[in-house]
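Engineer: So here's model.csv (CSV, C-alpha atoms).
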```csv
chain,number,residue,atom,x,y,z
A,1,MET,CA,0.0,0.0,0.0
A,2,LEU,CA,1.1,3.6,-0.8
A,3,ALA,CA,0.6,5.5,2.5
A,4,ILE,CA,-0.4,9.1,2.0
A,5,ILE,CA,0.2,11.9,4.6
A,6,ILE,CA,-1.3,15.4,4.4
A,7,LEU,CA,0.3,18.1,6.6
A,8,GLU,CA,-1.7,21.4,6.3
A,9,ASP,CA,-2.5,23.7,9.2
A,10,ASN,CA,-5.6,25.2,7.5
A,11,THR,CA,-8.4,22.7,8.3
A,12,ALA,CA,-10.6,23.7,5.3
A,13,GLU,CA,-7.8,23.4,2.8
A,14,ARG,CA,-6.6,20.2,4.4
A,15,GLU,CA,-10.0,18.6,3.9
A,16,ILE,CA,-10.2,19.8,0.3
A,17,ILE,CA,-6.8,18.3,-0.5
A,18,GLN,CA,-7.7,15.0,1.2
A,19,GLN,CA,-11.0,14.8,-0.8
A,20,MET,CA,-9.1,15.4,-4.1
A,21,ILE,CA,-6.6,12.7,-3.2
A,22,GLU,CA,-9.2,10.2,-2.2
A,23,ASN,CA,-11.2,10.9,-5.3
A,24,ARG,CA,-8.1,10.1,-7.4
A,25,ILE,CA,-7.4,6.9,-5.5
A,26,GLN,CA,-10.9,5.6,-6.4
A,27,ILE,CA,-11.3,7.0,-9.9
A,28,ASN,CA,-8.1,7.2,-12.0
A,29,GLU,CA,-6.6,6.2,-15.3
A,30,THR,CA,-6.6,2.5,-14.4
A,31,PRO,CA,-9.6,0.1,-14.2
A,32,ALA,CA,-9.4,-0.2,-10.4
A,33,ALA,CA,-8.8,1.9,-7.3
A,34,TYR,CA,-5.2,2.5,-6.4
A,35,ASP,CA,-3.7,0.4,-3.5
A,36,ALA,CA,-3.3,3.6,-1.5
A,37,ARG,CA,-4.8,5.3,1.5
A,38,VAL,CA,-4.6,8.6,3.4
A,39,VAL,CA,-3.1,7.3,6.7
A,40,LEU,CA,-2.7,10.7,8.4
A,41,SER,CA,-4.2,14.1,7.8
A,42,THR,CA,-3.0,16.7,10.3
A,43,GLY,CA,-1.7,20.2,11.0
A,44,ASP,CA,0.9,19.0,13.4
A,45,PRO,CA,4.4,18.4,12.0
A,46,HIS,CA,5.4,16.4,15.1
A,47,SER,CA,2.5,14.0,14.5
A,48,VAL,CA,3.8,13.3,11.0
A,49,LEU,CA,7.3,12.5,12.2
A,50,ALA,CA,6.0,10.4,15.1
A,51,TYR,CA,3.8,8.4,12.7
A,52,ILE,CA,6.5,7.7,10.2
A,53,ALA,CA,9.0,6.7,13.0
A,54,GLU,CA,6.5,4.1,14.1
A,55,HIS,CA,5.7,2.8,10.6
A,56,GLN,CA,9.0,2.7,8.8
A,57,ASP,CA,8.0,-0.3,6.7
A,58,LEU,CA,5.5,1.7,4.6
A,59,ASN,CA,6.0,3.6,1.3
A,60,TYR,CA,5.0,7.2,1.7
A,61,LEU,CA,3.6,10.0,-0.4
A,62,ALA,CA,3.6,13.2,1.7
A,63,PHE,CA,1.7,16.4,0.8
A,64,LEU,CA,3.3,19.1,3.0
A,65,ASP,CA,2.5,22.8,3.6
A,66,ILE,CA,5.6,24.8,4.1
A,67,ASP,CA,4.5,27.7,6.4
A,68,LEU,CA,3.0,25.9,9.4
A,69,LYS,CA,3.5,28.7,11.9
A,70,THR,CA,5.2,26.3,14.3
A,71,SER,CA,8.8,25.5,15.3
A,72,LEU,CA,9.0,23.1,12.3
A,73,ASP,CA,8.2,24.1,8.8
A,74,GLY,CA,7.3,21.8,5.9
A,75,ILE,CA,10.8,21.9,4.5
A,76,GLU,CA,12.3,20.8,7.8
A,77,VAL,CA,9.7,18.0,8.0
A,78,ALA,CA,10.6,16.8,4.5
A,79,SER,CA,14.3,16.9,5.4
A,80,ARG,CA,13.8,14.8,8.5
A,81,ILE,CA,11.7,12.3,6.5
A,82,LYS,CA,14.5,11.9,4.0
A,83,ASN,CA,17.0,11.5,6.8
A,84,ILE,CA,15.0,8.6,8.3
A,85,GLY,CA,15.9,6.7,5.1
A,86,ILE,CA,12.5,5.3,4.2
A,87,LEU,CA,10.9,5.2,0.8
A,88,SER,CA,9.2,8.5,0.4
A,89,GLN,CA,8.0,11.0,-2.1
A,90,ILE,CA,7.4,14.6,-1.2
A,91,VAL,CA,4.9,17.2,-2.6
A,92,PHE,CA,4.8,20.8,-1.3
A,93,VAL,CA,1.4,22.5,-1.4
A,94,THR,CA,1.9,26.1,-0.3
A,95,ALA,CA,1.1,29.8,-0.8
A,96,ASP,CA,4.8,30.6,-0.4
A,97,ALA,CA,6.1,30.4,-4.0
A,98,THR,CA,9.5,31.8,-2.9
A,99,ALA,CA,10.2,28.8,-0.8
A,100,LEU,CA,11.1,26.7,-3.8
A,101,ARG,CA,14.7,28.1,-3.5
A,102,LEU,CA,14.9,26.7,0.0
A,103,THR,CA,13.8,23.2,-1.0
A,104,ILE,CA,16.7,23.2,-3.5
A,105,GLU,CA,19.2,24.4,-0.9
A,106,ARG,CA,18.0,21.7,1.6
A,107,HIS,CA,18.3,19.0,-1.1
A,108,VAL,CA,14.8,17.8,-0.5
A,109,GLU,CA,14.1,17.1,-4.2
A,110,PRO,CA,10.2,17.2,-4.1
A,111,LEU,CA,8.2,15.2,-6.6
A,112,ASP,CA,6.1,18.4,-7.2
A,113,TYR,CA,5.5,21.9,-5.9
A,114,ILE,CA,1.9,23.1,-6.0
A,115,THR,CA,1.0,26.8,-5.2
A,116,LYS,CA,-2.3,27.5,-3.5
A,117,ASP,CA,-3.0,30.7,-5.5
A,118,ALA,CA,-3.6,28.6,-8.7
A,119,ALA,CA,-7.2,28.1,-9.9
A,120,PRO,CA,-9.0,25.3,-8.1
A,121,LEU,CA,-9.2,23.1,-11.2
A,122,GLU,CA,-5.5,23.6,-11.8
A,123,ILE,CA,-4.7,22.5,-8.2
A,124,GLN,CA,-7.0,19.5,-8.6
A,125,HIS,CA,-5.2,18.6,-11.9
A,126,ARG,CA,-1.8,18.9,-10.3
A,127,ILE,CA,-2.8,16.8,-7.3
A,128,TYR,CA,-4.2,14.1,-9.6
A,129,GLU,CA,-1.0,14.1,-11.6
A,130,THR,CA,1.2,13.8,-8.6
A,131,VAL,CA,-0.9,10.9,-7.1
A,132,ASP,CA,-0.7,9.2,-10.5
A,133,THR,CA,3.1,9.7,-10.8
A,134,ALA,CA,3.7,8.6,-7.2
A,135,TYR,CA,1.6,5.5,-7.5
A,136,LYS,CA,3.5,4.5,-10.7
A,137,ARG,CA,6.8,4.9,-8.9
A,138,TYR,CA,5.4,2.9,-6.0
A,139,ARG,CA,4.3,0.0,-8.3
A,140,LEU,CA,7.8,0.0,-9.9
A,141,THR,CA,9.4,-0.2,-6.5
A,142,MET,CA,7.1,-3.1,-5.4
A,143,THR,CA,7.9,-5.0,-8.7
A,144,SER,CA,11.6,-4.7,-7.9
A,145,ALA,CA,11.1,-5.6,-4.3
A,146,LYS,CA,9.3,-8.9,-5.3
A,147,GLN,CA,12.4,-9.9,-7.2
A,148,THR,CA,14.6,-9.4,-4.2
A,149,SER,CA,12.9,-9.4,-0.7
A,150,TYR,CA,14.7,-7.4,1.9
A,151,PHE,CA,15.0,-7.5,5.7
A,152,THR,CA,14.8,-3.9,6.9
A,153,TYR,CA,16.0,-2.9,10.4
A,154,SER,CA,17.3,0.0,12.5
A,155,LYS,CA,20.5,0.0,14.4
A,156,ILE,CA,19.9,3.6,15.4
A,157,ARG,CA,16.4,4.9,15.9
A,158,ASN,CA,15.0,6.6,12.8
A,159,PHE,CA,17.7,5.3,10.5
A,160,VAL,CA,16.8,2.3,8.3
A,161,GLU,CA,19.1,-0.3,6.8
A,162,LYS,CA,18.4,-3.5,4.8
A,163,ILE,CA,19.9,-6.8,3.7
A,164,PRO,CA,18.5,-9.4,1.4
A,165,LEU,CA,16.0,-11.5,3.4
A,166,SER,CA,17.6,-14.7,2.0
A,167,ASP,CA,20.9,-13.7,3.8
A,168,LEU,CA,19.3,-13.8,7.2
A,169,TYR,CA,19.6,-17.0,9.2
A,170,TYR,CA,18.0,-16.3,12.6
A,171,ILE,CA,17.4,-13.6,15.2
A,172,SER,CA,17.7,-13.9,19.0
A,173,ILE,CA,16.9,-11.7,22.0
A,174,GLN,CA,19.8,-9.8,23.5
A,175,PRO,CA,19.7,-10.4,27.3
A,176,LYS,CA,19.9,-7.2,29.4
A,177,LYS,CA,19.3,-5.0,26.4
A,178,TYR,CA,15.7,-3.8,26.1
A,179,LYS,CA,14.1,-4.2,22.6
A,180,THR,CA,17.5,-5.2,21.1
A,181,LEU,CA,17.9,-8.2,19.0
A,182,ARG,CA,21.0,-10.0,17.5
A,183,VAL,CA,20.8,-10.8,13.9
A,184,TYR,CA,22.8,-13.7,12.4
A,185,ALA,CA,23.2,-13.4,8.7
A,186,LYS,CA,25.5,-14.4,5.9
A,187,ASN,CA,29.0,-13.2,6.7
A,188,LYS,CA,27.8,-10.8,9.4
A,189,VAL,CA,26.3,-10.6,12.9
A,190,PHE,CA,24.8,-7.3,14.2
A,191,ASP,CA,22.3,-5.9,16.7
A,192,CYS,CA,19.1,-4.1,15.7
A,193,LEU,CA,16.2,-2.5,17.5
A,194,GLY,CA,12.8,-4.2,17.9
A,195,THR,CA,11.1,-7.2,19.3
A,196,LEU,CA,10.6,-10.8,18.0
A,197,LYS,CA,6.9,-10.1,17.6
A,198,ASP,CA,7.6,-7.1,15.5
A,199,TYR,CA,9.6,-9.1,12.9
A,200,GLU,CA,7.4,-12.2,13.1
A,201,LYS,CA,4.4,-10.1,12.1
A,202,ARG,CA,6.4,-8.3,9.3
A,203,TYR,CA,8.0,-11.4,7.7
A,204,PRO,CA,6.0,-14.6,7.3
A,205,SER,CA,9.2,-16.6,6.8
A,206,LEU,CA,10.5,-15.8,10.3
A,207,VAL,CA,9.0,-18.3,12.7
A,208,PRO,CA,9.7,-19.0,16.4
A,209,ALA,CA,12.3,-21.7,17.1
A,210,ASP,CA,11.9,-21.1,20.8
A,211,ARG,CA,10.9,-18.2,23.1
A,212,GLN,CA,14.2,-16.4,22.5
A,213,SER,CA,14.6,-16.6,18.7
A,214,LEU,CA,13.2,-16.7,15.2
A,215,ILE,CA,14.6,-18.7,12.3
A,216,ASN,CA,14.2,-17.8,8.6
A,217,LEU,CA,12.5,-20.8,6.9
A,218,ASP,CA,13.6,-19.4,3.5
A,219,ALA,CA,17.2,-19.9,4.5
A,220,VAL,CA,16.9,-23.4,6.0
A,221,GLN,CA,18.9,-25.9,3.9
A,222,ASN,CA,18.1,-29.0,5.9
A,223,TYR,CA,16.0,-29.7,9.0
A,224,ASP,CA,16.2,-32.6,11.4
A,225,GLU,CA,12.9,-32.7,13.1
A,226,LYS,CA,13.8,-35.5,15.5
A,227,LYS,CA,16.9,-33.7,16.8
A,228,GLY,CA,15.3,-30.3,16.4
A,229,ILE,CA,18.1,-28.7,14.4
A,230,ALA,CA,17.7,-26.3,11.4
A,231,TYR,CA,20.8,-26.2,9.2
A,232,PHE,CA,21.8,-23.2,7.1
A,233,ASP,CA,24.7,-22.7,4.8
A,234,GLN,CA,28.3,-22.0,5.9
A,235,GLY,CA,27.9,-24.7,8.6
A,236,ILE,CA,25.5,-22.6,10.7
A,237,ALA,CA,22.7,-24.3,12.6
A,238,HIS,CA,20.1,-23.5,15.2
A,239,SER,CA,18.2,-25.7,17.6
A,240,VAL,CA,14.4,-25.8,17.7
A,241,ALA,CA,12.5,-26.3,21.0
A,242,VAL,CA,10.6,-29.7,21.3
A,243,ARG,CA,7.2,-28.0,21.3
A,244,ARG,CA,8.1,-26.1,18.1
A,245,ARG,CA,9.6,-28.9,16.0
A,246,ARG,CA,6.4,-30.2,14.4
A,247,SER,CA,5.2,-26.7,13.6
A,248,VAL,CA,8.5,-25.8,11.9
A,249,MET,CA,8.4,-29.0,9.8
A,250,LEU,CA,4.8,-28.3,8.7
A,251,LYS,CA,5.7,-24.7,7.7
A,252,LEU,CA,8.8,-25.8,5.8
A,253,ASN,CA,6.7,-28.3,3.9
A,254,ALA,CA,4.1,-25.6,3.1
A,255,THR,CA,6.8,-23.3,1.8
A,256,LYS,CA,8.2,-26.0,-0.5
A,257,ASN,CA,4.7,-26.7,-1.8
A,258,ASP,CA,4.2,-23.0,-2.6
A,259,LEU,CA,7.4,-23.0,-4.6
A,260,ALA,CA,6.6,-26.2,-6.5
```
As structure tokens - that is how I would like this structure written.

Structural biologist:
Amino acid sequence: MLAIIILEDNTAEREIIQQMIENRIQINETPAAYDARVVLSTGDPHSVLAYIAEHQDLNYLAFLDIDLKTSLDGIEVASRIKNIGILSQIVFVTADATALRLTIERHVEPLDYITKDAAPLEIQHRIYETVDTAYKRYRLTMTSAKQTSYFTYSKIRNFVEKIPLSDLYYISIQPKKYKTLRVYAKNKVFDCLGTLKDYEKRYPSLVPADRQSLINLDAVQNYDEKKGIAYFDQGIAHSVAVRRRRSVMLKLNATKNDLA
């Protein structure tokens, strides 16, 4: 899904922009509605940054007003979104036409820049165009992602990194470190932020081996159900708790059937 955010401190204008966006999602140049949704519509820049920080696995299209009459303006919000490192596209909708120079100086590189003093039909046309363009880019990104699935993680809050999911062997809880996990992957071991439940929900191939760890079924080369050992490449293995052994075997068989 393409997650759309609207940041506009004028309530009436925010509602109009949202209605235009939602109309385009439903009725567009394709036979069906876009796989997109307005996930947040607000006048508070801090709410935008907080939402994105908590939902870093989404692809974003953000419509941002520049002059918000707060300590953060739209350009600063855009800059922080870019620094988080997530997949995002930015559109500025503002009455301040002179601010374009500032977006260039801050290296924000917006998808589009729409001025509020344009005629209503022109604003609608531009919003429709940007939604169309952003959705096409999103679809291209998803097509590429299907060819190579990635495991995304944060070592430092608000900064996202990734590795091919097929390179990940297993994840385990780090004792005495709150919400910190150790990742064992091909040719590397590192710590990241999060909980086992977070990653189990996000990645279907990551399943519990015991209460302390998840193993990646897609990376398992061989599995000994009787001994409860999952074997990966490079001579790496991980034990599976007795109560989990049958479940892991069934899920491995289901995965093989899906690939057949």

Engineer: Measuring atom to atom with all atoms listed in the file, identify which of A:Leu68, A:Val183, A:Val248, A:Ile5 is nearest to Val131 in chain A.

Structural biologist: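 The answer is A:Ile5, which sits nearest to Val131 in chain A.
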
Engineer: Skipping near chain neighbours, those fewer than 6 positions away, what residues fall within 9 Å of Leu49 in chain A using all atoms listed in the file, listed as a PyMOL selection string?

Structural biologist: chain A and resi 77+80-81

Engineer: Calculate how many Å separate CA of Thr11 in chain A from CA of Asp67 in chain A, rounding to one decimal.

Structural biologist: 14.0 Å

Engineer: Counting all atoms listed in the file, find the residues whose atoms lie at most 12 Å from (-4.7, 21.0, -7.0) (file coordinates) and write them out as an NGL selection string.

Structural biologist: :A and (13-14 or 16-21 or 24 or 63 or 91-94 or 112-131)

Engineer: Could you work out how far CA of Lys186 in chain A lies from CA of Asp167 in chain A, giving the answer in Å with one decimal?

Structural biologist: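 Value for the CA of Asp167 in chain A-CA of Lys186 in chain A distance: 5.1 Å.
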
Engineer: What does the distance between CA of Val39 in chain A and CA of Asp57 in chain A come to in Å, to one decimal place?

Structural biologist: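 Those two atoms sit 13.5 Å apart.
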
Engineer: Check the smallest atom-to-atom distance from each of A:Pro31, A:Arg37, A:Asp65, A:Ser88 to Leu7 in chain A using all atoms listed in the file, then report the winner.

Structural biologist: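 Using all atoms listed in the file, the shortest distance to Leu7 in chain A belongs to A:Asp65.
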
Engineer: Do a neighbour search on Leu252 in chain A at 12 Å with all atoms listed in the file, toss out local chain neighbours closer than 3 positions, and write the hits as an MDAnalysis selection string.

Structural biologist: chainID A and resid 204:207 215:225 230 245:249 255:259

Engineer: Export C-alpha atoms of the chosen residues as a PDB file, keeping the file's coordinate frame?

Structural biologist:
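Just written: out27.pdb:
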```pdb
ATOM      1  CA  PRO A 204       6.000 -14.600   7.300  1.00  0.00           C
ATOM      2  CA  SER A 205       9.200 -16.600   6.800  1.00  0.00           C
ATOM      3  CA  LEU A 206      10.500 -15.800  10.300  1.00  0.00           C
ATOM      4  CA  VAL A 207       9.000 -18.300  12.700  1.00  0.00           C
ATOM      5  CA  ILE A 215      14.600 -18.700  12.300  1.00  0.00           C
ATOM      6  CA  ASN A 216      14.200 -17.800   8.600  1.00  0.00           C
ATOM      7  CA  LEU A 217      12.500 -20.800   6.900  1.00  0.00           C
ATOM      8  CA  ASP A 218      13.600 -19.400   3.500  1.00  0.00           C
ATOM      9  CA  ALA A 219      17.200 -19.900   4.500  1.00  0.00           C
ATOM     10  CA  VAL A 220      16.900 -23.400   6.000  1.00  0.00           C
ATOM     11  CA  GLN A 221      18.900 -25.900   3.900  1.00  0.00           C
ATOM     12  CA  ASN A 222      18.100 -29.000   5.900  1.00  0.00           C
ATOM     13  CA  TYR A 223      16.000 -29.700   9.000  1.00  0.00           C
ATOM     14  CA  ASP A 224      16.200 -32.600  11.400  1.00  0.00           C
ATOM     15  CA  GLU A 225      12.900 -32.700  13.100  1.00  0.00           C
ATOM     16  CA  ALA A 230      17.700 -26.300  11.400  1.00  0.00           C
ATOM     17  CA  ARG A 245       9.600 -28.900  16.000  1.00  0.00           C
ATOM     18  CA  ARG A 246       6.400 -30.200  14.400  1.00  0.00           C
ATOM     19  CA  SER A 247       5.200 -26.700  13.600  1.00  0.00           C
ATOM     20  CA  VAL A 248       8.500 -25.800  11.900  1.00  0.00           C
ATOM     21  CA  MET A 249       8.400 -29.000   9.800  1.00  0.00           C
ATOM     22  CA  THR A 255       6.800 -23.300   1.800  1.00  0.00           C
ATOM     23  CA  LYS A 256       8.200 -26.000  -0.500  1.00  0.00           C
ATOM     24  CA  ASN A 257       4.700 -26.700  -1.800  1.00  0.00           C
ATOM     25  CA  ASP A 258       4.200 -23.000  -2.600  1.00  0.00           C
ATOM     26  CA  LEU A 259       7.400 -23.000  -4.600  1.00  0.00           C
TER      27      LEU A 259
END
```

Engineer: Residues proximal to (20.4, 2.0, 11.9) were defined as those with any atom within 12 Å of that point in the file's coordinates, counting only C-alpha atoms. Which are they, as a list of chain:residue names?

Structural biologist: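 Counting only C-alpha atoms, I find these residues within 12 Å of (20.4, 2.0, 11.9): A:Gln56, A:Asn83, A:Ile84, A:Gly85, A:Ile86, A:Thr152, A:Tyr153, A:Ser154, A:Lys155, A:Ile156, A:Arg157, A:Asn158, A:Phe159, A:Val160, A:Glu161, A:Lys162, A:Phe190, A:Asp191, A:Cys192, A:Leu193, A:Gly194.
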
Engineer: Leaving out Thr30 in chain A and any residue of its chain fewer than 4 positions from it, which residues lie within 12 Å of it when counting all atoms listed in the file, given as a list in words?

Structural biologist: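 In the requested form, the answer reads Arg24, Ile25, Gln26, Tyr34, Asp35, Asp132, Tyr135 and Lys136 of chain A.
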
Engineer: Closest to Asp44 in chain A among A:Asn10, A:Asn23, A:Asn59, A:Ser172, using all atoms listed in the file?

Structural biologist: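 Counting all atoms listed in the file, the residue closest to Asp44 in chain A is A:Asn10.
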
Engineer: Given all atoms listed in the file as the basis, pick out the residue of A:Tyr60, A:Gly74, A:Ala36, A:Glu22 nearest to Glu8 in chain A.

Structural biologist: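 With all atoms listed in the file as the atom set, the closest residue is A:Gly74.
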